[in-house]
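Participant: Before anything else, here's the structure in question.
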Amino acid sequence: MTEHAYDVLAGIEPFSRLDSAARAAIASHLEMLSIPRGDTLVRQGDPSDHLYIVVTGRFSVRVAGAESPVAEIAAGQPVGEIAFFAGGRRTATVRAERDSVVFALSRADFDSLAEAMPDLWPCVTRTLATRLAETTASHNRARQPRVHTVPKTLAVCRAGGRPLNRAFLQSFKQRLAGASTLVLDSASEVARSNGASSYATACLNAARFNDLEKRHSLIVYVCDDTVTAWTEKALHQADHVVLVADAVERLPGSATVVNELEAMAASLHEPHNIRLAILHRNRADVVEGTAAWVDPRPFAGMHHHLAVGDAGDTARLLRFIRGEALGVVASGGGAFTAAHVGMIEALLEEGCVIDAYGGTSGGAAMTAAFASGVEAATVARHTHEMFVTRKAMARWNWPRYSLLDHTVFDECLAELYPVSDIADLWVPYFAVSTNLSRNALHVIRRGPLWKAIRASAAIPALFPPVFADGEMLVDGCLIDNVPLAPMRALKRGPNIVLDLAVPGLGRCDIDTSTLPARANLMRQLMARGGNPLPQSPGPQAVLLRSLLRETRNVEDELEPGDQLLSFPVPEGASVLDWTNHRMLRWAAYDFAREQLKLPRD
């Protein structure tokens with residue numbers, strides 16, 4: 001152990017500056033500790049009475065008020081060295097994210113070593129000064145992209161009452177074949193060495209399992225169908241857990257209950273590290289009843305539908321796990337959102353495999369169609385039927401509840417988007433709305449698909465709000481017309497952002513005093529051949545254009561891998577004129593192909 005500690009100290013400031021004799025003396029004072037997954041090593045606000053060095057394993061760093069970890073600490077890195085050297089209190093909480101081993105140096109031992117080594121404190125002082133300079137520089141730099149850690153270990157276990165589906169497992173292994181991947185189950189040699197109870201052996205086993213990561217890009221632990229020593233070790237060692245629910249056959253409700261393996265996974269992992277994979281016979285199956293699997297499992301951060309043996313579905317699941325899933329985010333914009341159909345069509349023709357969709361208002365409607373598996377030509381036909389043939393946004397109403405009659409609009413949405421629960425969609429999807437009851441953004445990922453679109457597109461005053469559980473929901477563009485942040489909360493990985501560069505309204509040389517009063521307006525509307533009315537924009541156009549005047553620069557929010565397609569809406573196009581939807585679709589299609597540098601036919 002002392003020899004290992006000596007090697008570790010050589011890579012850590014300030015000990016790397018010391019001579020070999022000094023490092024050997026410090027190594028002799030280090031104590032080896034085994035830290036089980038989920039245990040807290042240091043807690044924010046506590047005294048810094050020990051310096052820790054990670055030998056094997058991984059730790060998360062969390063600060064009060066932050067929703068997710070702010071950093072991770074891996075093997076060979078120190079824990080809390082600045083507060084320890086400076087004599088302060090812990091500035092963060094550090095928790096083991098798998099079974100780990102650390103070296104510990106106490107305050108008393110450090111003080112006695114410092115007295116015996118005159119060179120130790122100057123080395124510490126230089127380290128503190130360097131860290132201070134680095135911290136100051138990082139605060140002065142522009143916003144840095146978030147750093148995501150790719151899972152190195154993955155546990156797969158059954159969900160519900162059925163055994164783990166072996167056909168899925170075989171497909172999963174085949175998809176991973178060729179990569180530097182190691183698949184381990186309870187029959188493997190490393191599993192047979194697990195389970196010894198002595199403290200020294202526990203440290204040795206933790207080191208052995210963590211050492212495997214250095215030789216493989218991904219390790220998959222296949223859990224037993226019951227709680228065993230191997231299953232417990234696999235769940236302790238995993239960065240990510242996939243719970244496999246077998247819905248191939250129609251099952252009684254008891255088959256969907258949470259089993260003991262899932263309960264153990266939930267006690268060890270946070271929701272963003274647990275996925276529920278729901279298996280189906282094939283892609284032709286109509287998915288329904290997903291709520292029976294999802295609702296009892298709030299500890300699973302996301303669910304996925306997969307056809308058994310479908311390589312594409314397995315690849316999508318792996319992209320979500322690795323943080324490589326491609327999302328499409330579409331803005332609102334009234335009739336202009338017909339352009340999204342053309343841009344998504346160009347992306348699909350390019351061969352883009354879109355893993356998740358989300359949008360606001362009209363963007364929510366267009367992306368919902370593609371998430372439902374509807375082809376671009378059909379989306380365009382439905383758009384014409386809804387807005388041109390049935391005039392869903394051109395029916396004036398007595399203004400008691402809204403300026404427009406919402407009933408045809410609602411009927412069209414219910415007919416064209418019949419999915420009873422967003423959770424049943426094969427591809428993940430969300431819509432955003434503005435919650436006026438709470439003055440907050442409202443992200444919708446459950447419930448009837450048509451109602452989510454209706455809430456996202458409930459233009460204030462034009463349509464009545466949607467009332468859900470007492471909350472008043474209106475058009476999402478009031479708070480977030482380009483919902484990139486909700487997509488990032490759903491998944492990691494690249495995103496294609498579909499926005500609209502809306503032309504200015506232009507000058508309106510109209511004398512407001514010439515606008516007729518109510519009685520005169522009614523007479524002029526009823527008269528034939530009378531004086532023409534002033535050509536002032538109506539309340540619909542003024543309201544919609546007001547909502548679209550967002551000054552936010554979406555380009556500033558892009559991260560590496562993201563791409564912005566901001567379609568320049570042609571001059572003269574009207575935000576309410578859906579008769580131009582075909583022109584907008586094909587103009588946006590050409591625009592996207594040009595932006596993507598696609599060859600023309």
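Ordered as shown in the structure tokens, chains take letters A, B, and onward, while each chain numbers its residues from 1 and ligands are numbered from 1 in the order shown.
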Please provide as a list in words all residues within 9 Å of Asp410 in chain A, with the sequence filter that same-chain residues fewer than 5 positions apart are discarded (counting only C-alpha atoms).
Facilitator: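 The filter keeps Ala392, Glu415, Trp450, Lys451 and Arg454 of chain A.
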Participant: Convert the current residue selection to file output with N, CA and C atoms, as a CSV table (one decimal), in the first residue's frame.
Facilitator:
chain,number,residue,atom,x,y,z
A,392,ALA,N,-59.5,26.8,-39.1
A,392,ALA,CA,-59.5,26.7,-37.6
A,392,ALA,C,-59.0,27.9,-36.9
A,415,GLU,N,-58.5,15.1,-33.7
A,415,GLU,CA,-58.5,14.2,-34.8
A,415,GLU,C,-57.1,13.9,-35.4
A,450,TRP,N,-52.9,16.0,-28.2
A,450,TRP,CA,-53.5,17.2,-28.8
A,450,TRP,C,-53.7,18.3,-27.8
A,451,LYS,N,-53.9,17.9,-26.5
A,451,LYS,CA,-54.1,18.9,-25.5
A,451,LYS,C,-52.8,19.6,-25.2
A,454,ARG,N,-52.5,22.1,-27.9
A,454,ARG,CA,-53.4,23.2,-27.6
A,454,ARG,C,-53.0,24.2,-26.5
Participant: Point out the residue among A:Ile479, A:Gly334, A:Ser112, A:Glu67 with the least atom-to-atom distance to Ala440 in chain A, counting only C-alpha atoms.
Facilitator: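 The closest residue to Ala440 in chain A is A:Ile479.
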Participant: Under the rule that only C-alpha atoms are counted, which of A:Leu543, A:Ala74, A:Val575, A:Arg488 is the nearest residue to Leu558 in chain A?
Facilitator: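 Distance minimum relative to Leu558 in chain A lands on A:Arg488.
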Participant: From the list A:Glu262, A:Asp111, A:Asp246, A:Glu288, which residue is nearest Val419 in chain A when using only C-alpha atoms?
Facilitator: A:Glu288
Participant: DSSP on the backbone: what in range 346-390 of chain A comes out helix (DSSP H, G or I), as a PyMOL selection string?
Facilitator: chain A and resi 346-350+362-371+376-389
Participant: Can you tell me, as a count of residues only, what residues are no more than 12 Å from Asp19 in chain A when counting only C-alpha atoms, ignoring any on the same chain fewer than 5 positions away?
Facilitator: 12
Participant: So which one's closest to Met487 in chain A, A:Val388, A:Ala346, A:Val408, A:Leu326? Using only C-alpha atoms, please.
Facilitator: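 Of A:Val388, A:Ala346, A:Val408, A:Leu326, the one nearest Met487 in chain A is A:Leu326, counting only C-alpha atoms.
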Participant: Would you mind listing what lies within 10 Å of Ile354 in chain A as JSON, numbers by chain, with only C-alpha atoms counted and same-chain residues fewer than 6 positions away left out?
Facilitator: {"A": [316, 325, 326, 327, 328, 344, 347, 348, 370, 371, 427, 428, 495, 496]}
Participant: Write out the residues from the selection above, keeping N, CA, C and O atoms, as an mmCIF file, in the first residue's frame.
Facilitator:
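Below you can see result.cif, which holds the result:
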data_model
loop_
_atom_site.group_PDB
_atom_site.id
_atom_site.type_symbol
_atom_site.label_atom_id
_atom_site.label_comp_id
_atom_site.auth_asym_id
_atom_site.auth_seq_id
_atom_site.Cartn_x
_atom_site.Cartn_y
_atom_site.Cartn_z
ATOM 1 N N ARG A 316 -30.519 3.908 -30.510
ATOM 2 C CA ARG A 316 -31.060 5.150 -29.931
ATOM 3 C C ARG A 316 -30.890 5.149 -28.416
ATOM 4 O O ARG A 316 -30.488 6.157 -27.820
ATOM 5 N N ALA A 325 -27.545 11.702 -28.154
ATOM 6 C CA ALA A 325 -28.864 11.744 -28.795
ATOM 7 C C ALA A 325 -29.086 13.099 -29.470
ATOM 8 O O ALA A 325 -28.784 14.150 -28.911
ATOM 9 N N LEU A 326 -29.651 13.064 -30.680
ATOM 10 C CA LEU A 326 -29.899 14.276 -31.464
ATOM 11 C C LEU A 326 -31.320 14.764 -31.221
ATOM 12 O O LEU A 326 -32.287 14.019 -31.403
ATOM 13 N N GLY A 327 -31.460 16.020 -30.816
ATOM 14 C CA GLY A 327 -32.767 16.615 -30.599
ATOM 15 C C GLY A 327 -33.071 17.686 -31.624
ATOM 16 O O GLY A 327 -32.165 18.324 -32.152
ATOM 17 N N VAL A 328 -34.361 17.872 -31.914
ATOM 18 C CA VAL A 328 -34.821 18.958 -32.770
ATOM 19 C C VAL A 328 -35.769 19.828 -31.957
ATOM 20 O O VAL A 328 -36.738 19.336 -31.371
ATOM 21 N N ILE A 344 -37.460 20.042 -41.393
ATOM 22 C CA ILE A 344 -37.351 18.684 -40.851
ATOM 23 C C ILE A 344 -37.296 17.667 -41.987
ATOM 24 O O ILE A 344 -36.546 16.681 -41.918
ATOM 25 N N LEU A 347 -33.796 17.510 -43.162
ATOM 26 C CA LEU A 347 -32.951 16.809 -42.200
ATOM 27 C C LEU A 347 -33.111 15.293 -42.333
ATOM 28 O O LEU A 347 -32.130 14.546 -42.329
ATOM 29 N N LEU A 348 -34.347 14.840 -42.458
ATOM 30 C CA LEU A 348 -34.593 13.408 -42.567
ATOM 31 C C LEU A 348 -34.038 12.853 -43.872
ATOM 32 O O LEU A 348 -33.497 11.742 -43.911
ATOM 33 N N PHE A 370 -44.148 14.731 -36.442
ATOM 34 C CA PHE A 370 -42.990 13.905 -36.792
ATOM 35 C C PHE A 370 -42.658 12.918 -35.684
ATOM 36 O O PHE A 370 -42.252 11.783 -35.954
ATOM 37 N N ALA A 371 -42.822 13.320 -34.424
ATOM 38 C CA ALA A 371 -42.601 12.397 -33.318
ATOM 39 C C ALA A 371 -43.599 11.245 -33.356
ATOM 40 O O ALA A 371 -43.314 10.152 -32.854
ATOM 41 N N VAL A 427 -40.941 8.084 -30.041
ATOM 42 C CA VAL A 427 -39.828 9.029 -29.932
ATOM 43 C C VAL A 427 -40.165 10.053 -28.845
ATOM 44 O O VAL A 427 -41.255 10.613 -28.846
ATOM 45 N N PRO A 428 -39.264 10.329 -27.902
ATOM 46 C CA PRO A 428 -39.535 11.304 -26.842
ATOM 47 C C PRO A 428 -39.919 12.675 -27.404
ATOM 48 O O PRO A 428 -39.361 13.133 -28.401
ATOM 49 N N ASN A 495 -28.093 19.326 -30.637
ATOM 50 C CA ASN A 495 -29.461 19.736 -30.979
ATOM 51 C C ASN A 495 -29.458 20.559 -32.260
ATOM 52 O O ASN A 495 -28.522 21.322 -32.514
ATOM 53 N N ILE A 496 -30.501 20.395 -33.049
ATOM 54 C CA ILE A 496 -30.739 21.247 -34.210
ATOM 55 C C ILE A 496 -31.905 22.155 -33.857
ATOM 56 O O ILE A 496 -32.994 21.679 -33.510
#
Participant: Write down as a ChimeraX atom specification the residues of range 423-464 of chain A whose backbone DSSP state falls under strand (DSSP E).
Facilitator: /A:429-435,440-444
Participant: Mind checking which residues fall within 7 Å of range 149-163 of chain A, counting only C-alpha atoms, ignoring those fewer than 5 positions away in the same chain, and posting them as a list in words?
Facilitator: Glu213, Ser217, Leu218, Ile219, Val220, Tyr221, Val222, Cys223, Asp225, Ala234, Leu235, Ala238, Asp239, His240, Val241, Val242, Leu243, Val244, Ala245, Asp246, Ala255, Thr256, Val257, Val258, Asn259, Glu262, Arg322 and Gly323 of chain A
Participant: Filtering to C-alpha atoms, could you give me those residues as a compact mmCIF listing (two decimals), in the first residue's frame?
Facilitator:
# COMPACT_ATOMS: atom_id res chain seq x y z
CA GLU A 213 -12.40 0.73 -16.61
CA SER A 217 -14.52 1.98 -22.89
CA LEU A 218 -17.72 0.48 -21.43
CA ILE A 219 -18.46 -2.25 -18.91
CA VAL A 220 -21.97 -3.74 -18.87
CA TYR A 221 -23.04 -5.57 -15.73
CA VAL A 222 -25.94 -7.97 -16.32
CA CYS A 223 -27.85 -8.39 -13.05
CA ASP A 225 -33.15 -11.88 -11.81
CA ALA A 234 -23.37 -4.48 -10.22
CA LEU A 235 -25.78 -1.76 -9.07
CA ALA A 238 -22.75 1.19 -12.35
CA ASP A 239 -22.81 4.79 -13.53
CA HIS A 240 -26.10 4.17 -15.32
CA VAL A 241 -28.93 1.64 -14.91
CA VAL A 242 -31.28 0.32 -17.60
CA LEU A 243 -34.44 -1.29 -16.25
CA VAL A 244 -35.86 -3.62 -18.91
CA ALA A 245 -39.66 -3.99 -18.86
CA ASP A 246 -41.04 -6.80 -21.01
CA ALA A 255 -46.72 -7.84 -13.78
CA THR A 256 -45.87 -4.13 -13.91
CA VAL A 257 -45.22 -3.69 -10.18
CA VAL A 258 -41.83 -2.47 -8.99
CA ASN A 259 -39.62 -5.42 -8.04
CA GLU A 262 -35.67 -1.77 -9.07
CA ARG A 322 -23.73 8.17 -24.00
CA GLY A 323 -25.03 11.73 -24.33
Participant: Residues within 12 Å of Thr360 in chain A, please, as a PyMOL selection string. Count only C-alpha atoms; anything in the same chain fewer than 5 positions from it doesn't count.
Facilitator: chain A and resi 328-334+337+340+365-368+429-434+441-444+452-459+474-484+486-487+497-499+548
